[in-house]
file model.cif (mmCIF, C-alpha atoms, pLDDT in the B column; chains and numbers go by the auth columns)
data_final
loop_
_atom_site.group_PDB
_atom_site.id
_atom_site.type_symbol
_atom_site.label_atom_id
_atom_site.label_comp_id
_atom_site.label_asym_id
_atom_site.label_seq_id
_atom_site.Cartn_x
_atom_site.Cartn_y
_atom_site.Cartn_z
_atom_site.B_iso_or_equiv
_atom_site.auth_seq_id
_atom_site.auth_asym_id
ATOM 1 C CA MET A 1 -8.183 -34.394 -60.197 54.00 74 A
ATOM 2 C CA ALA A 2 -4.669 -33.668 -58.953 61.00 75 A
ATOM 3 C CA VAL A 3 -3.786 -33.510 -55.293 58.00 76 A
ATOM 4 C CA THR A 4 -0.658 -31.755 -54.134 59.00 77 A
ATOM 5 C CA TYR A 5 0.745 -32.301 -50.684 55.00 78 A
ATOM 6 C CA SER A 6 3.614 -30.404 -49.142 57.00 79 A
ATOM 7 C CA SER A 7 5.218 -31.923 -46.081 57.00 80 A
ATOM 8 C CA GLY A 8 7.203 -28.821 -45.188 56.00 81 A
ATOM 9 C CA THR A 9 10.534 -30.376 -46.083 55.00 82 A
ATOM 10 C CA ILE A 10 13.412 -28.592 -47.717 57.00 83 A
ATOM 11 C CA ALA A 11 15.931 -29.741 -50.302 57.00 84 A
ATOM 12 C CA ASN A 12 17.957 -32.114 -48.104 62.00 85 A
ATOM 13 C CA GLY A 13 14.834 -33.732 -46.674 62.00 86 A
ATOM 14 C CA ALA A 14 14.962 -32.202 -43.191 67.00 87 A
ATOM 15 C CA SER A 15 11.774 -30.635 -41.970 85.00 88 A
ATOM 16 C CA ILE A 16 11.789 -26.941 -41.192 85.00 89 A
ATOM 17 C CA GLY A 17 10.693 -27.652 -37.617 85.00 90 A
ATOM 18 C CA GLY A 18 13.495 -30.162 -37.223 89.00 91 A
ATOM 19 C CA ARG A 19 16.062 -27.658 -38.426 91.00 92 A
ATOM 20 C CA VAL A 20 14.745 -24.972 -36.086 92.00 93 A
ATOM 21 C CA PHE A 21 14.774 -27.414 -33.175 93.00 94 A
ATOM 22 C CA GLY A 22 18.303 -28.501 -34.105 93.00 95 A
ATOM 23 C CA ALA A 23 19.490 -24.897 -34.247 94.00 96 A
ATOM 24 C CA LEU A 24 17.942 -24.135 -30.857 96.00 97 A
ATOM 25 C CA ALA A 25 19.473 -27.285 -29.360 96.00 98 A
ATOM 26 C CA THR A 26 22.880 -26.270 -30.699 96.00 99 A
ATOM 27 C CA LEU A 27 22.469 -22.751 -29.350 97.00 100 A
ATOM 28 C CA PHE A 28 21.464 -24.114 -25.946 97.00 101 A
ATOM 29 C CA GLY A 29 24.490 -26.427 -25.967 97.00 102 A
ATOM 30 C CA VAL A 30 26.853 -23.560 -26.774 97.00 103 A
ATOM 31 C CA PHE A 31 25.344 -21.461 -23.988 98.00 104 A
ATOM 32 C CA ALA A 32 25.609 -24.344 -21.491 98.00 105 A
ATOM 33 C CA ASP A 33 29.280 -24.893 -22.400 97.00 106 A
ATOM 34 C CA TRP A 34 30.026 -21.181 -22.034 97.00 107 A
ATOM 35 C CA ASN A 35 28.291 -21.079 -18.651 98.00 108 A
ATOM 36 C CA ASP A 36 30.187 -24.150 -17.389 97.00 109 A
ATOM 37 C CA THR A 37 33.493 -22.571 -18.430 97.00 110 A
ATOM 38 C CA ARG A 38 32.536 -19.287 -16.764 97.00 111 A
ATOM 39 C CA ALA A 39 31.588 -21.026 -13.512 98.00 112 A
ATOM 40 C CA THR A 40 34.792 -23.073 -13.516 97.00 113 A
ATOM 41 C CA ARG A 41 36.962 -20.003 -14.046 97.00 114 A
ATOM 42 C CA ASN A 42 35.157 -18.130 -11.274 97.00 115 A
ATOM 43 C CA ALA A 43 35.651 -21.034 -8.862 98.00 116 A
ATOM 44 C CA LEU A 44 39.346 -21.294 -9.743 97.00 117 A
ATOM 45 C CA ARG A 45 39.846 -17.549 -9.281 97.00 118 A
ATOM 46 C CA LYS A 46 38.642 -17.912 -5.687 97.00 119 A
ATOM 47 C CA LEU A 47 41.380 -20.429 -4.855 97.00 120 A
ATOM 48 C CA SER A 48 44.661 -19.359 -3.295 97.00 121 A
ATOM 49 C CA ASP A 49 47.944 -19.782 -5.162 97.00 122 A
ATOM 50 C CA ARG A 50 48.786 -22.710 -2.908 98.00 123 A
ATOM 51 C CA GLU A 51 45.466 -24.425 -3.646 98.00 124 A
ATOM 52 C CA LEU A 52 45.991 -23.920 -7.373 97.00 125 A
ATOM 53 C CA ASP A 53 49.493 -25.370 -7.047 97.00 126 A
ATOM 54 C CA ASP A 54 48.033 -28.415 -5.272 97.00 127 A
ATOM 55 C CA ILE A 55 45.946 -29.196 -8.349 97.00 128 A
ATOM 56 C CA GLY A 56 48.788 -28.414 -10.750 96.00 129 A
ATOM 57 C CA LEU A 57 47.618 -25.015 -11.965 97.00 130 A
ATOM 58 C CA CYS A 58 48.814 -21.435 -11.759 96.00 131 A
ATOM 59 C CA ARG A 59 46.850 -18.201 -12.207 95.00 132 A
ATOM 60 C CA GLN A 60 47.833 -17.932 -15.876 96.00 133 A
ATOM 61 C CA ASP A 61 46.297 -21.351 -16.574 96.00 134 A
ATOM 62 C CA ILE A 62 42.824 -20.228 -15.543 95.00 135 A
ATOM 63 C CA GLU A 63 42.191 -18.194 -18.705 93.00 136 A
ATOM 64 C CA ARG A 64 43.205 -21.157 -20.899 93.00 137 A
ATOM 65 C CA ILE A 65 40.493 -23.349 -19.416 87.00 138 A
#
call {"tool": "encode", "arguments": {"input": "model.cif", "output": "structure tokens"}}
result
Amino acid sequence: MAVTYSSGTIANGASIGGRVFGALATLFGVFADWNDTRATRNALRKLSDRELDDIGLCRQDIERI
């Protein structure tokens, strides 16, 4: 009698669940980075030109952050 067992792994040995979790973790990380950048830019836009100068930035630098 032959018994066949499939562990749900794919060619490189990673489980399908692990790959899905990894993809979701990466997606969450990208979203978190985008949100941090957005919040930083919004906070910098609220500063006056003098305040930006105090920290060594100008208005044009904000979009490069």
call {"tool": "residues_around", "arguments": {"input": "model.cif", "residues": "Leu117 of chain A", "least_positions_apart": "5", "cutoff": "9 Å", "atoms": "all atoms listed in the file", "output": "VMD selection string"}}
result
chain A and resid 112 125 132 135
call {"tool": "axis_aligned_box", "arguments": {"input": "model.cif", "around": "segment 100-103 of chain A", "padding_each_side": "6 Å", "output": "AutoDock Vina command-line options"}}
result
--center_x 24.2 --center_y -24.6 --center_z -27.6 --size_x 17.4 --size_y 15.7 --size_z 15.4
call {"tool": "atom_distance", "arguments": {"input": "model.cif", "atom1": "atom CA of Gln133 of chain A", "atom2": "atom CA of Arg114 of chain A"}}
result
11.2 Å
call {"tool": "closest_residue", "arguments": {"input": "model.cif", "among": "A:Arg92, A:Thr99, A:Phe104, A:Ile138", "to": "Arg118 of chain A", "atoms": "only C-alpha atoms"}}
result
A:Ile138
call {"tool": "closest_residue", "arguments": {"input": "model.cif", "among": "A:Phe101, A:Gly90, A:Arg137, A:Gly129", "to": "Thr113 of chain A", "atoms": "all atoms listed in the file"}}
result
A:Arg137
call {"tool": "atom_distance", "arguments": {"input": "model.cif", "atom1": "atom CA of Gly91 of chain A", "atom2": "atom CA of Ala105 of chain A"}}
result
20.7 Å
call {"tool": "atom_distance", "arguments": {"input": "model.cif", "atom1": "atom CA of Asp122 of chain A", "atom2": "atom CA of Thr110 of chain A"}}
result
19.8 Å
call {"tool": "decode", "arguments": {"input": "model.cif", "residues": "segment 88-125 of chain A", "atoms": "N, CA, C and O atoms", "output": "PDB file, in the first residue's frame"}}
result
ATOM      1  N   SER A  88       6.526  27.084   2.180  1.00  0.00           N
ATOM      2  CA  SER A  88       5.118  26.714   2.193  1.00  0.00           C
ATOM      3  C   SER A  88       4.290  27.835   1.572  1.00  0.00           C
ATOM      4  O   SER A  88       4.687  29.000   1.576  1.00  0.00           O
ATOM      5  N   ILE A  89       3.163  27.478   1.051  1.00  0.00           N
ATOM      6  CA  ILE A  89       2.279  28.465   0.424  1.00  0.00           C
ATOM      7  C   ILE A  89       1.833  29.487   1.470  1.00  0.00           C
ATOM      8  O   ILE A  89       1.836  30.687   1.214  1.00  0.00           O
ATOM      9  N   GLY A  90       1.485  29.025   2.649  1.00  0.00           N
ATOM     10  CA  GLY A  90       1.087  29.942   3.723  1.00  0.00           C
ATOM     11  C   GLY A  90       2.208  30.895   4.098  1.00  0.00           C
ATOM     12  O   GLY A  90       1.980  32.070   4.356  1.00  0.00           O
ATOM     13  N   GLY A  91       3.425  30.379   4.127  1.00  0.00           N
ATOM     14  CA  GLY A  91       4.572  31.225   4.445  1.00  0.00           C
ATOM     15  C   GLY A  91       4.803  32.297   3.399  1.00  0.00           C
ATOM     16  O   GLY A  91       5.136  33.433   3.715  1.00  0.00           O
ATOM     17  N   ARG A  92       4.604  31.927   2.141  1.00  0.00           N
ATOM     18  CA  ARG A  92       4.775  32.912   1.066  1.00  0.00           C
ATOM     19  C   ARG A  92       3.689  33.973   1.118  1.00  0.00           C
ATOM     20  O   ARG A  92       3.956  35.151   0.903  1.00  0.00           O
ATOM     21  N   VAL A  93       2.461  33.555   1.406  1.00  0.00           N
ATOM     22  CA  VAL A  93       1.363  34.521   1.508  1.00  0.00           C
ATOM     23  C   VAL A  93       1.624  35.457   2.680  1.00  0.00           C
ATOM     24  O   VAL A  93       1.488  36.677   2.559  1.00  0.00           O
ATOM     25  N   PHE A  94       2.013  34.891   3.821  1.00  0.00           N
ATOM     26  CA  PHE A  94       2.314  35.717   4.986  1.00  0.00           C
ATOM     27  C   PHE A  94       3.460  36.676   4.676  1.00  0.00           C
ATOM     28  O   PHE A  94       3.405  37.852   5.042  1.00  0.00           O
ATOM     29  N   GLY A  95       4.489  36.195   4.004  1.00  0.00           N
ATOM     30  CA  GLY A  95       5.620  37.043   3.641  1.00  0.00           C
ATOM     31  C   GLY A  95       5.202  38.182   2.723  1.00  0.00           C
ATOM     32  O   GLY A  95       5.649  39.320   2.877  1.00  0.00           O
ATOM     33  N   ALA A  96       4.338  37.878   1.767  1.00  0.00           N
ATOM     34  CA  ALA A  96       3.856  38.908   0.843  1.00  0.00           C
ATOM     35  C   ALA A  96       3.025  39.952   1.588  1.00  0.00           C
ATOM     36  O   ALA A  96       3.167  41.153   1.342  1.00  0.00           O
ATOM     37  N   LEU A  97       2.181  39.501   2.496  1.00  0.00           N
ATOM     38  CA  LEU A  97       1.375  40.447   3.280  1.00  0.00           C
ATOM     39  C   LEU A  97       2.252  41.292   4.199  1.00  0.00           C
ATOM     40  O   LEU A  97       2.007  42.491   4.366  1.00  0.00           O
ATOM     41  N   ALA A  98       3.272  40.689   4.787  1.00  0.00           N
ATOM     42  CA  ALA A  98       4.190  41.435   5.648  1.00  0.00           C
ATOM     43  C   ALA A  98       4.936  42.487   4.841  1.00  0.00           C
ATOM     44  O   ALA A  98       5.114  43.621   5.301  1.00  0.00           O
ATOM     45  N   THR A  99       5.352  42.137   3.642  1.00  0.00           N
ATOM     46  CA  THR A  99       6.033  43.093   2.769  1.00  0.00           C
ATOM     47  C   THR A  99       5.094  44.224   2.387  1.00  0.00           C
ATOM     48  O   THR A  99       5.475  45.398   2.431  1.00  0.00           O
ATOM     49  N   LEU A 100       3.878  43.883   2.031  1.00  0.00           N
ATOM     50  CA  LEU A 100       2.886  44.895   1.665  1.00  0.00           C
ATOM     51  C   LEU A 100       2.617  45.834   2.842  1.00  0.00           C
ATOM     52  O   LEU A 100       2.557  47.055   2.670  1.00  0.00           O
ATOM     53  N   PHE A 101       2.481  45.288   4.028  1.00  0.00           N
ATOM     54  CA  PHE A 101       2.265  46.102   5.216  1.00  0.00           C
ATOM     55  C   PHE A 101       3.457  47.022   5.458  1.00  0.00           C
ATOM     56  O   PHE A 101       3.294  48.196   5.803  1.00  0.00           O
ATOM     57  N   GLY A 102       4.664  46.511   5.269  1.00  0.00           N
ATOM     58  CA  GLY A 102       5.868  47.314   5.446  1.00  0.00           C
ATOM     59  C   GLY A 102       5.936  48.470   4.465  1.00  0.00           C
ATOM     60  O   GLY A 102       6.292  49.595   4.830  1.00  0.00           O
ATOM     61  N   VAL A 103       5.583  48.202   3.209  1.00  0.00           N
ATOM     62  CA  VAL A 103       5.572  49.256   2.191  1.00  0.00           C
ATOM     63  C   VAL A 103       4.538  50.316   2.550  1.00  0.00           C
ATOM     64  O   VAL A 103       4.808  51.524   2.452  1.00  0.00           O
ATOM     65  N   PHE A 104       3.369  49.899   2.979  1.00  0.00           N
ATOM     66  CA  PHE A 104       2.330  50.848   3.375  1.00  0.00           C
ATOM     67  C   PHE A 104       2.775  51.677   4.571  1.00  0.00           C
ATOM     68  O   PHE A 104       2.563  52.890   4.606  1.00  0.00           O
ATOM     69  N   ALA A 105       3.396  51.053   5.565  1.00  0.00           N
ATOM     70  CA  ALA A 105       3.863  51.774   6.753  1.00  0.00           C
ATOM     71  C   ALA A 105       4.922  52.801   6.381  1.00  0.00           C
ATOM     72  O   ALA A 105       4.900  53.927   6.885  1.00  0.00           O
ATOM     73  N   ASP A 106       5.849  52.435   5.492  1.00  0.00           N
ATOM     74  CA  ASP A 106       6.871  53.384   5.032  1.00  0.00           C
ATOM     75  C   ASP A 106       6.244  54.558   4.308  1.00  0.00           C
ATOM     76  O   ASP A 106       6.628  55.714   4.518  1.00  0.00           O
ATOM     77  N   TRP A 107       5.289  54.273   3.423  1.00  0.00           N
ATOM     78  CA  TRP A 107       4.604  55.340   2.685  1.00  0.00           C
ATOM     79  C   TRP A 107       3.893  56.284   3.658  1.00  0.00           C
ATOM     80  O   TRP A 107       3.971  57.500   3.514  1.00  0.00           O
ATOM     81  N   ASN A 108       3.217  55.719   4.654  1.00  0.00           N
ATOM     82  CA  ASN A 108       2.475  56.535   5.602  1.00  0.00           C
ATOM     83  C   ASN A 108       3.421  57.396   6.449  1.00  0.00           C
ATOM     84  O   ASN A 108       3.120  58.562   6.724  1.00  0.00           O
ATOM     85  N   ASP A 109       4.556  56.848   6.859  1.00  0.00           N
ATOM     86  CA  ASP A 109       5.535  57.629   7.616  1.00  0.00           C
ATOM     87  C   ASP A 109       6.054  58.799   6.791  1.00  0.00           C
ATOM     88  O   ASP A 109       6.186  59.917   7.296  1.00  0.00           O
ATOM     89  N   THR A 110       6.346  58.546   5.524  1.00  0.00           N
ATOM     90  CA  THR A 110       6.829  59.608   4.631  1.00  0.00           C
ATOM     91  C   THR A 110       5.759  60.675   4.455  1.00  0.00           C
ATOM     92  O   THR A 110       6.050  61.879   4.500  1.00  0.00           O
ATOM     93  N   ARG A 111       4.524  60.252   4.268  1.00  0.00           N
ATOM     94  CA  ARG A 111       3.409  61.190   4.102  1.00  0.00           C
ATOM     95  C   ARG A 111       3.248  62.062   5.333  1.00  0.00           C
ATOM     96  O   ARG A 111       3.123  63.293   5.240  1.00  0.00           O
ATOM     97  N   ALA A 112       3.292  61.463   6.513  1.00  0.00           N
ATOM     98  CA  ALA A 112       3.134  62.209   7.761  1.00  0.00           C
ATOM     99  C   ALA A 112       4.292  63.190   7.965  1.00  0.00           C
ATOM    100  O   ALA A 112       4.080  64.326   8.405  1.00  0.00           O
ATOM    101  N   THR A 113       5.498  62.758   7.631  1.00  0.00           N
ATOM    102  CA  THR A 113       6.659  63.636   7.767  1.00  0.00           C
ATOM    103  C   THR A 113       6.539  64.838   6.848  1.00  0.00           C
ATOM    104  O   THR A 113       6.775  65.981   7.262  1.00  0.00           O
ATOM    105  N   ARG A 114       6.174  64.593   5.593  1.00  0.00           N
ATOM    106  CA  ARG A 114       6.016  65.706   4.650  1.00  0.00           C
ATOM    107  C   ARG A 114       4.931  66.670   5.110  1.00  0.00           C
ATOM    108  O   ARG A 114       5.097  67.883   5.015  1.00  0.00           O
ATOM    109  N   ASN A 115       3.824  66.150   5.598  1.00  0.00           N
ATOM    110  CA  ASN A 115       2.748  67.021   6.081  1.00  0.00           C
ATOM    111  C   ASN A 115       3.205  67.872   7.257  1.00  0.00           C
ATOM    112  O   ASN A 115       2.870  69.057   7.343  1.00  0.00           O
ATOM    113  N   ALA A 116       3.964  67.275   8.175  1.00  0.00           N
ATOM    114  CA  ALA A 116       4.467  68.031   9.323  1.00  0.00           C
ATOM    115  C   ALA A 116       5.446  69.115   8.875  1.00  0.00           C
ATOM    116  O   ALA A 116       5.399  70.245   9.370  1.00  0.00           O
ATOM    117  N   LEU A 117       6.313  68.784   7.924  1.00  0.00           N
ATOM    118  CA  LEU A 117       7.277  69.772   7.433  1.00  0.00           C
ATOM    119  C   LEU A 117       6.594  70.906   6.682  1.00  0.00           C
ATOM    120  O   LEU A 117       7.029  72.056   6.762  1.00  0.00           O
ATOM    121  N   ARG A 118       5.534  70.594   5.961  1.00  0.00           N
ATOM    122  CA  ARG A 118       4.801  71.642   5.229  1.00  0.00           C
ATOM    123  C   ARG A 118       4.177  72.665   6.171  1.00  0.00           C
ATOM    124  O   ARG A 118       3.950  73.808   5.789  1.00  0.00           O
ATOM    125  N   LYS A 119       3.898  72.269   7.398  1.00  0.00           N
ATOM    126  CA  LYS A 119       3.288  73.176   8.368  1.00  0.00           C
ATOM    127  C   LYS A 119       4.296  74.138   8.988  1.00  0.00           C
ATOM    128  O   LYS A 119       3.903  75.118   9.609  1.00  0.00           O
ATOM    129  N   LEU A 120       5.590  73.855   8.834  1.00  0.00           N
ATOM    130  CA  LEU A 120       6.614  74.712   9.416  1.00  0.00           C
ATOM    131  C   LEU A 120       6.808  75.971   8.577  1.00  0.00           C
ATOM    132  O   LEU A 120       6.621  75.963   7.360  1.00  0.00           O
ATOM    133  N   SER A 121       7.227  77.034   9.245  1.00  0.00           N
ATOM    134  CA  SER A 121       7.532  78.275   8.520  1.00  0.00           C
ATOM    135  C   SER A 121       8.890  78.126   7.821  1.00  0.00           C
ATOM    136  O   SER A 121       9.661  77.202   8.120  1.00  0.00           O
ATOM    137  N   ASP A 122       9.176  79.051   6.913  1.00  0.00           N
ATOM    138  CA  ASP A 122      10.467  79.021   6.223  1.00  0.00           C
ATOM    139  C   ASP A 122      11.615  79.157   7.216  1.00  0.00           C
ATOM    140  O   ASP A 122      12.653  78.518   7.066  1.00  0.00           O
ATOM    141  N   ARG A 123      11.424  79.972   8.225  1.00  0.00           N
ATOM    142  CA  ARG A 123      12.471  80.145   9.239  1.00  0.00           C
ATOM    143  C   ARG A 123      12.692  78.844  10.017  1.00  0.00           C
ATOM    144  O   ARG A 123      13.828  78.455  10.294  1.00  0.00           O
ATOM    145  N   GLU A 124      11.624  78.165  10.387  1.00  0.00           N
ATOM    146  CA  GLU A 124      11.759  76.903  11.107  1.00  0.00           C
ATOM    147  C   GLU A 124      12.439  75.843  10.245  1.00  0.00           C
ATOM    148  O   GLU A 124      13.274  75.080  10.729  1.00  0.00           O
ATOM    149  N   LEU A 125      12.098  75.817   8.965  1.00  0.00           N
ATOM    150  CA  LEU A 125      12.771  74.879   8.057  1.00  0.00           C
ATOM    151  C   LEU A 125      14.259  75.207   7.958  1.00  0.00           C
ATOM    152  O   LEU A 125      15.109  74.311   7.959  1.00  0.00           O
TER     153      LEU A 125
END
